[in-house]
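Source file: work34.txt (compact mmCIF, C-alpha atoms)
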# COMPACT_ATOMS: atom_id res chain seq x y z
CA MET A 1 -7.66 0.63 10.81
CA SER A 2 -10.81 2.79 10.74
CA ASN A 3 -12.30 1.20 7.60
CA LEU A 4 -11.87 -2.26 9.06
CA GLN A 5 -12.69 -1.32 12.66
CA ASP A 6 -16.44 -2.02 12.34
CA ALA A 7 -15.73 -5.47 10.93
CA PHE A 8 -13.21 -6.17 13.71
CA ASP A 9 -15.79 -5.02 16.26
CA LYS A 10 -18.34 -7.46 14.80
CA ALA A 11 -15.75 -10.22 15.11
CA GLN A 12 -15.69 -9.55 18.86
CA ASP A 13 -19.43 -10.28 19.01
CA CYS A 14 -18.98 -13.57 17.10
CA PHE A 15 -16.04 -14.96 19.07
CA ASP A 16 -16.66 -18.29 20.82
CA GLN A 17 -14.64 -18.10 24.02
CA GLU A 18 -15.36 -21.71 24.99
CA ALA A 19 -14.01 -23.01 21.67
CA ALA A 20 -10.76 -21.11 22.27
CA LEU A 21 -10.15 -22.34 25.82
CA GLY A 22 -6.72 -23.94 26.05
CA PHE A 23 -5.75 -22.72 22.56
CA SER A 24 -3.02 -20.27 21.67
CA ALA A 25 -1.94 -18.95 18.26
CA THR A 26 -0.90 -15.77 16.49
CA TYR A 27 -2.23 -14.95 13.02
CA GLN A 28 -0.63 -12.29 10.83
CA PHE A 29 -2.99 -10.59 8.37
CA SER A 30 -1.49 -8.85 5.37
CA ILE A 31 -4.27 -6.63 4.04
CA LEU A 32 -2.81 -5.72 0.66
CA ASP A 33 -4.54 -2.35 0.35
CA SER A 34 -4.89 -1.45 4.05
CA GLY A 35 -1.80 -2.56 5.97
CA ASP A 36 -0.83 -5.27 8.40
CA TYR A 37 -2.65 -6.56 11.47
CA TYR A 38 -2.25 -9.52 13.75
CA LEU A 39 -4.68 -11.52 15.82
CA VAL A 40 -3.64 -13.21 19.05
CA ILE A 41 -5.87 -15.94 20.46
CA ALA A 42 -4.95 -17.11 23.94
CA ASP A 43 -6.97 -19.31 26.30
CA GLY A 44 -10.48 -18.09 25.58
CA GLY A 45 -9.76 -14.54 24.47
CA PHE A 46 -8.42 -12.64 21.51
CA SER A 47 -6.98 -9.28 20.57
CA ILE A 48 -6.35 -7.54 17.26
CA HIS A 49 -3.35 -5.26 16.76
CA GLU A 50 -2.18 -3.05 13.93
CA GLY A 51 1.26 -3.80 12.48
CA LEU A 52 3.58 -6.76 12.13
CA VAL A 53 4.18 -9.33 14.83
CA GLU A 54 7.70 -10.69 15.28
CA SER A 55 6.57 -14.30 14.98
CA SER A 56 3.25 -15.71 13.78
CA ASP A 57 1.93 -19.23 13.37
CA THR A 58 0.35 -18.46 10.01
CA THR A 59 -0.06 -15.51 7.65
CA LEU A 60 -3.23 -14.73 5.74
CA SER A 61 -3.04 -12.32 2.78
CA MET A 62 -6.05 -10.67 1.17
CA ASP A 63 -7.47 -7.28 0.25
CA ALA A 64 -9.67 -5.14 2.52
CA GLU A 65 -12.87 -6.07 0.69
CA THR A 66 -12.20 -9.76 1.30
CA ILE A 67 -11.43 -9.43 5.01
CA ARG A 68 -14.53 -7.28 5.53
CA ALA A 69 -16.63 -9.91 3.73
CA VAL A 70 -15.15 -12.72 5.81
CA LEU A 71 -15.46 -10.81 9.11
CA THR A 72 -19.08 -9.93 8.42
CA GLY A 73 -19.95 -13.45 7.33
CA SER A 74 -20.94 -12.60 3.77
CA LEU A 75 -18.02 -14.68 2.43
CA GLY A 76 -16.74 -17.88 3.98
CA GLY A 77 -13.04 -18.23 4.63
CA MET A 78 -12.87 -21.47 2.66
CA GLN A 79 -14.70 -19.81 -0.25
CA ALA A 80 -12.21 -16.93 -0.21
CA LEU A 81 -9.37 -19.45 -0.33
CA MET A 82 -10.91 -21.46 -3.17
CA PHE A 83 -11.64 -18.29 -5.20
CA GLY A 84 -8.03 -17.12 -4.80
CA ARG A 85 -9.04 -14.08 -2.74
CA LEU A 86 -7.15 -15.40 0.30
CA GLN A 87 -3.63 -16.81 0.43
CA VAL A 88 -2.27 -18.71 3.42
CA ASP A 89 1.41 -19.02 4.30
CA GLY A 90 2.29 -21.25 7.20
CA ASN A 91 0.17 -23.67 9.14
CA MET A 92 -2.96 -24.30 7.03
CA LEU A 93 -4.58 -26.29 9.86
CA LEU A 94 -4.35 -23.27 12.16
CA ALA A 95 -5.81 -21.06 9.44
CA SER A 96 -8.80 -23.35 9.05
CA LYS A 97 -9.19 -23.49 12.85
CA LEU A 98 -10.18 -19.81 12.83
CA LEU A 99 -13.60 -20.92 11.59
CA GLU A 100 -14.15 -22.73 14.89
CA PHE A 101 -13.63 -19.58 16.93
CA PHE A 102 -15.87 -17.16 15.08
CA ALA A 103 -19.58 -17.92 14.54
CA PHE A 104 -20.44 -15.70 11.59
CA THR A 105 -23.81 -15.69 9.90
CA LEU A 106 -24.52 -14.64 6.35
CA ASN A 107 -25.39 -10.97 5.91
CA GLN A 108 -24.70 -10.25 9.55
CA GLU A 109 -23.68 -6.68 8.64
CA ASN A 110 -27.37 -5.95 7.98
CA ASP A 111 -28.33 -6.73 11.59

Go ahead and express the file in the form of structure tokens.
Amino acid sequence: MSNLQDAFDKAQDCFDQEAALGFSATYQFSILDSGDYYLVIADGGFSIHEGLVESSDTTLSMDAETIRAVLTGSLGGMQALMFGRLQVDGNMLLASKLLEFFAFTLNQEND
């Protein structure tokens, strides 16, 4: 996870705890060239884990470059989906809800 760790750390800084209050979901990420990770959001907090989760609400598949771009805010999640760089399997509404929990700004990695 080392190559993605900085991007995951930036996600921590962008997480909107208030938006996630009362919400619970598990997202599986299939990073085609870097492995599998899952994100658990539960009542105002979140955690990221390496590996496969037994049951997820939705699965997002992409390459490492795409997830880094989305996590740093240089590429919007909807843009990634429209450009075919992101595939969603499962609950599309929950996938789009991720945008409500993370307040990314363009070129944030340059901060």

Go through segment 3-55 of chain A and flag each residue having an atom no more than 12 Å from segment 74-85 of chain A; for those, report the closest pair of atoms plus their distance in Å to one decimal, using only C-alpha atoms, ordered by chain and rising number, as JSON lines.
{"residue": "A:Ala7", "atom": "CA", "partner": "A:Ser74", "partner_atom": "CA", "distance": 11.4}
{"residue": "A:Ile31", "atom": "CA", "partner": "A:Arg85", "partner_atom": "CA", "distance": 11.1}
{"residue": "A:Leu32", "atom": "CA", "partner": "A:Arg85", "partner_atom": "CA", "distance": 11.0}

Output for the residues just chosen: C-alpha atoms as an mmCIF file, in the frame of the given file:
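And here is the file that came out, out-v9.cif:
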data_model
loop_
_atom_site.group_PDB
_atom_site.id
_atom_site.type_symbol
_atom_site.label_atom_id
_atom_site.label_comp_id
_atom_site.auth_asym_id
_atom_site.auth_seq_id
_atom_site.Cartn_x
_atom_site.Cartn_y
_atom_site.Cartn_z
ATOM 1 C CA ALA A 7 -15.730 -5.470 10.930
ATOM 2 C CA ILE A 31 -4.270 -6.630 4.040
ATOM 3 C CA LEU A 32 -2.810 -5.720 0.660
#

> Using only C-alpha atoms, which of the listed residues (A:Ser55, A:Ser96, A:Phe102, A:Tyr27) sits closest to Thr72 of chain A?
Replying inline: A:Phe102

Can you list, as an mmCIF file with C-alpha atoms, in the frame of the given file, every protein, DNA or RNA residue that comes within 8 Å of segment 88-92 of chain A when you count all atoms listed in the file, leaving out same-chain residues fewer than 3 positions away?
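What landed in selection.cif:
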data_model
loop_
_atom_site.group_PDB
_atom_site.id
_atom_site.type_symbol
_atom_site.label_atom_id
_atom_site.label_comp_id
_atom_site.auth_asym_id
_atom_site.auth_seq_id
_atom_site.Cartn_x
_atom_site.Cartn_y
_atom_site.Cartn_z
ATOM 1 C CA ASP A 57 1.930 -19.230 13.370
ATOM 2 C CA THR A 58 0.350 -18.460 10.010
ATOM 3 C CA THR A 59 -0.060 -15.510 7.650
ATOM 4 C CA LEU A 60 -3.230 -14.730 5.740
ATOM 5 C CA SER A 61 -3.040 -12.320 2.780
ATOM 6 C CA ALA A 95 -5.810 -21.060 9.440
ATOM 7 C CA SER A 96 -8.800 -23.350 9.050
#

> From the set A:Cys14, A:Val70, A:Ala25, A:Leu86, which residue has the shortest atom-to-atom contact distance to Val53 of chain A, counting all atoms listed in the file?
Replying inline: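 The closest residue to Val53 of chain A is A:Ala25.
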
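Residue nearest Tyr37 of chain A within the list A:Leu52, A:Ala20, A:Leu99, A:Ala11: A:Leu52 [criterion: smallest interatomic distance, all atoms listed in the file].
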
> So what do you get for atom CA of Glu65 of chain A versus atom CA of Glu50 of chain A, distance-wise?
Replying inline: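 We find that atom CA of Glu65 of chain A and atom CA of Glu50 of chain A lie 17.3 Å from each other.
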
> Could you work out how far atom CA of Leu93 of chain A lies from atom CA of Asp13 of chain A, giving the answer in Å with one decimal?
Replying inline: 23.7 Å

> Just how far from atom CA of Gln17 of chain A is atom CA of Ser34 of chain A, in Å to one decimal?
Replying inline: 27.8 Å

>> Could you list, as a PyMOL selection string, every residue within 12 Å of His49 of chain A, counting all atoms listed in the file and ignoring same-chain residues fewer than 6 positions away?
In response: chain A and resi 1+4-5+8+26-29+35-41

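The smallest atom-to-atom distance between Ser24 of chain A and any of A:Gln12, A:Ala42, A:Lys97, A:Met62, using only C-alpha atoms, is found for A:Ala42.
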
Taking all atoms of segment 60-73 of chain A that appear in the file, build a box with edges along x, y and z, extend it by 5 Å on every side, and state its centre and edge lengths in Å to one decimal, as AutoDock Vina command-line options.
--center_x -11.5 --center_y -9.9 --center_z 4.7 --size_x 26.9 --size_y 19.6 --size_z 18.9

> Closest to Lys10 of chain A among A:Gly51, A:Asp33, A:Leu98, A:Gly73, using all atoms listed in the file?
Replying inline: A:Gly73

Could you add N, CA and C atoms to segment 16-38 of chain A and give me the result as a PDB file, keeping the file's coordinate frame?
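Heads up, here's the output in selection_36.pdb:
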ATOM      1  N   ASP A  16     -16.236 -17.216  19.924  1.00  0.00           N
ATOM      2  CA  ASP A  16     -16.660 -18.290  20.820  1.00  0.00           C
ATOM      3  C   ASP A  16     -15.543 -18.564  21.819  1.00  0.00           C
ATOM      4  N   GLN A  17     -15.676 -17.984  23.004  1.00  0.00           N
ATOM      5  CA  GLN A  17     -14.640 -18.100  24.020  1.00  0.00           C
ATOM      6  C   GLN A  17     -14.424 -19.550  24.444  1.00  0.00           C
ATOM      7  N   GLU A  18     -15.490 -20.314  24.566  1.00  0.00           N
ATOM      8  CA  GLU A  18     -15.360 -21.710  24.990  1.00  0.00           C
ATOM      9  C   GLU A  18     -14.545 -22.523  23.992  1.00  0.00           C
ATOM     10  N   ALA A  19     -14.752 -22.274  22.698  1.00  0.00           N
ATOM     11  CA  ALA A  19     -14.010 -23.010  21.670  1.00  0.00           C
ATOM     12  C   ALA A  19     -12.513 -22.715  21.748  1.00  0.00           C
ATOM     13  N   ALA A  20     -12.168 -21.528  22.234  1.00  0.00           N
ATOM     14  CA  ALA A  20     -10.760 -21.110  22.270  1.00  0.00           C
ATOM     15  C   ALA A  20     -10.067 -21.427  23.591  1.00  0.00           C
ATOM     16  N   LEU A  21     -10.792 -21.987  24.546  1.00  0.00           N
ATOM     17  CA  LEU A  21     -10.150 -22.340  25.820  1.00  0.00           C
ATOM     18  C   LEU A  21      -9.020 -23.333  25.592  1.00  0.00           C
ATOM     19  N   GLY A  22      -7.865 -23.055  26.174  1.00  0.00           N
ATOM     20  CA  GLY A  22      -6.720 -23.940  26.050  1.00  0.00           C
ATOM     21  C   GLY A  22      -5.968 -23.820  24.735  1.00  0.00           C
ATOM     22  N   PHE A  23      -6.374 -22.886  23.881  1.00  0.00           N
ATOM     23  CA  PHE A  23      -5.750 -22.720  22.560  1.00  0.00           C
ATOM     24  C   PHE A  23      -4.951 -21.432  22.553  1.00  0.00           C
ATOM     25  N   SER A  24      -3.856 -21.450  21.808  1.00  0.00           N
ATOM     26  CA  SER A  24      -3.020 -20.270  21.670  1.00  0.00           C
ATOM     27  C   SER A  24      -2.398 -20.233  20.282  1.00  0.00           C
ATOM     28  N   ALA A  25      -2.558 -19.117  19.581  1.00  0.00           N
ATOM     29  CA  ALA A  25      -1.940 -18.950  18.260  1.00  0.00           C
ATOM     30  C   ALA A  25      -1.919 -17.473  17.896  1.00  0.00           C
ATOM     31  N   THR A  26      -0.999 -17.133  17.019  1.00  0.00           N
ATOM     32  CA  THR A  26      -0.900 -15.770  16.490  1.00  0.00           C
ATOM     33  C   THR A  26      -1.031 -15.829  14.984  1.00  0.00           C
ATOM     34  N   TYR A  27      -1.943 -15.017  14.453  1.00  0.00           N
ATOM     35  CA  TYR A  27      -2.230 -14.950  13.020  1.00  0.00           C
ATOM     36  C   TYR A  27      -1.831 -13.574  12.502  1.00  0.00           C
ATOM     37  N   GLN A  28      -0.995 -13.551  11.487  1.00  0.00           N
ATOM     38  CA  GLN A  28      -0.630 -12.290  10.830  1.00  0.00           C
ATOM     39  C   GLN A  28      -1.570 -12.110   9.639  1.00  0.00           C
ATOM     40  N   PHE A  29      -2.152 -10.923   9.515  1.00  0.00           N
ATOM     41  CA  PHE A  29      -2.990 -10.590   8.370  1.00  0.00           C
ATOM     42  C   PHE A  29      -2.278  -9.525   7.553  1.00  0.00           C
ATOM     43  N   SER A  30      -2.051  -9.817   6.299  1.00  0.00           N
ATOM     44  CA  SER A  30      -1.490  -8.850   5.370  1.00  0.00           C
ATOM     45  C   SER A  30      -2.637  -8.373   4.491  1.00  0.00           C
ATOM     46  N   ILE A  31      -3.151  -7.194   4.792  1.00  0.00           N
ATOM     47  CA  ILE A  31      -4.270  -6.630   4.040  1.00  0.00           C
ATOM     48  C   ILE A  31      -3.636  -5.757   2.953  1.00  0.00           C
ATOM     49  N   LEU A  32      -3.622  -6.281   1.741  1.00  0.00           N
ATOM     50  CA  LEU A  32      -2.810  -5.720   0.660  1.00  0.00           C
ATOM     51  C   LEU A  32      -3.040  -4.240   0.419  1.00  0.00           C
ATOM     52  N   ASP A  33      -4.263  -3.756   0.607  1.00  0.00           N
ATOM     53  CA  ASP A  33      -4.540  -2.350   0.350  1.00  0.00           C
ATOM     54  C   ASP A  33      -4.845  -1.553   1.619  1.00  0.00           C
ATOM     55  N   SER A  34      -4.575  -2.153   2.801  1.00  0.00           N
ATOM     56  CA  SER A  34      -4.890  -1.450   4.050  1.00  0.00           C
ATOM     57  C   SER A  34      -3.858  -1.635   5.157  1.00  0.00           C
ATOM     58  N   GLY A  35      -2.824  -2.404   4.941  1.00  0.00           N
ATOM     59  CA  GLY A  35      -1.800  -2.560   5.970  1.00  0.00           C
ATOM     60  C   GLY A  35      -1.785  -3.926   6.622  1.00  0.00           C
ATOM     61  N   ASP A  36      -1.043  -4.010   7.702  1.00  0.00           N
ATOM     62  CA  ASP A  36      -0.830  -5.270   8.400  1.00  0.00           C
ATOM     63  C   ASP A  36      -1.469  -5.240   9.779  1.00  0.00           C
ATOM     64  N   TYR A  37      -2.026  -6.382  10.166  1.00  0.00           N
ATOM     65  CA  TYR A  37      -2.650  -6.560  11.470  1.00  0.00           C
ATOM     66  C   TYR A  37      -2.317  -7.957  11.948  1.00  0.00           C
ATOM     67  N   TYR A  38      -2.403  -8.161  13.253  1.00  0.00           N
ATOM     68  CA  TYR A  38      -2.250  -9.520  13.750  1.00  0.00           C
ATOM     69  C   TYR A  38      -3.268  -9.789  14.845  1.00  0.00           C
TER      70      TYR A  38
END
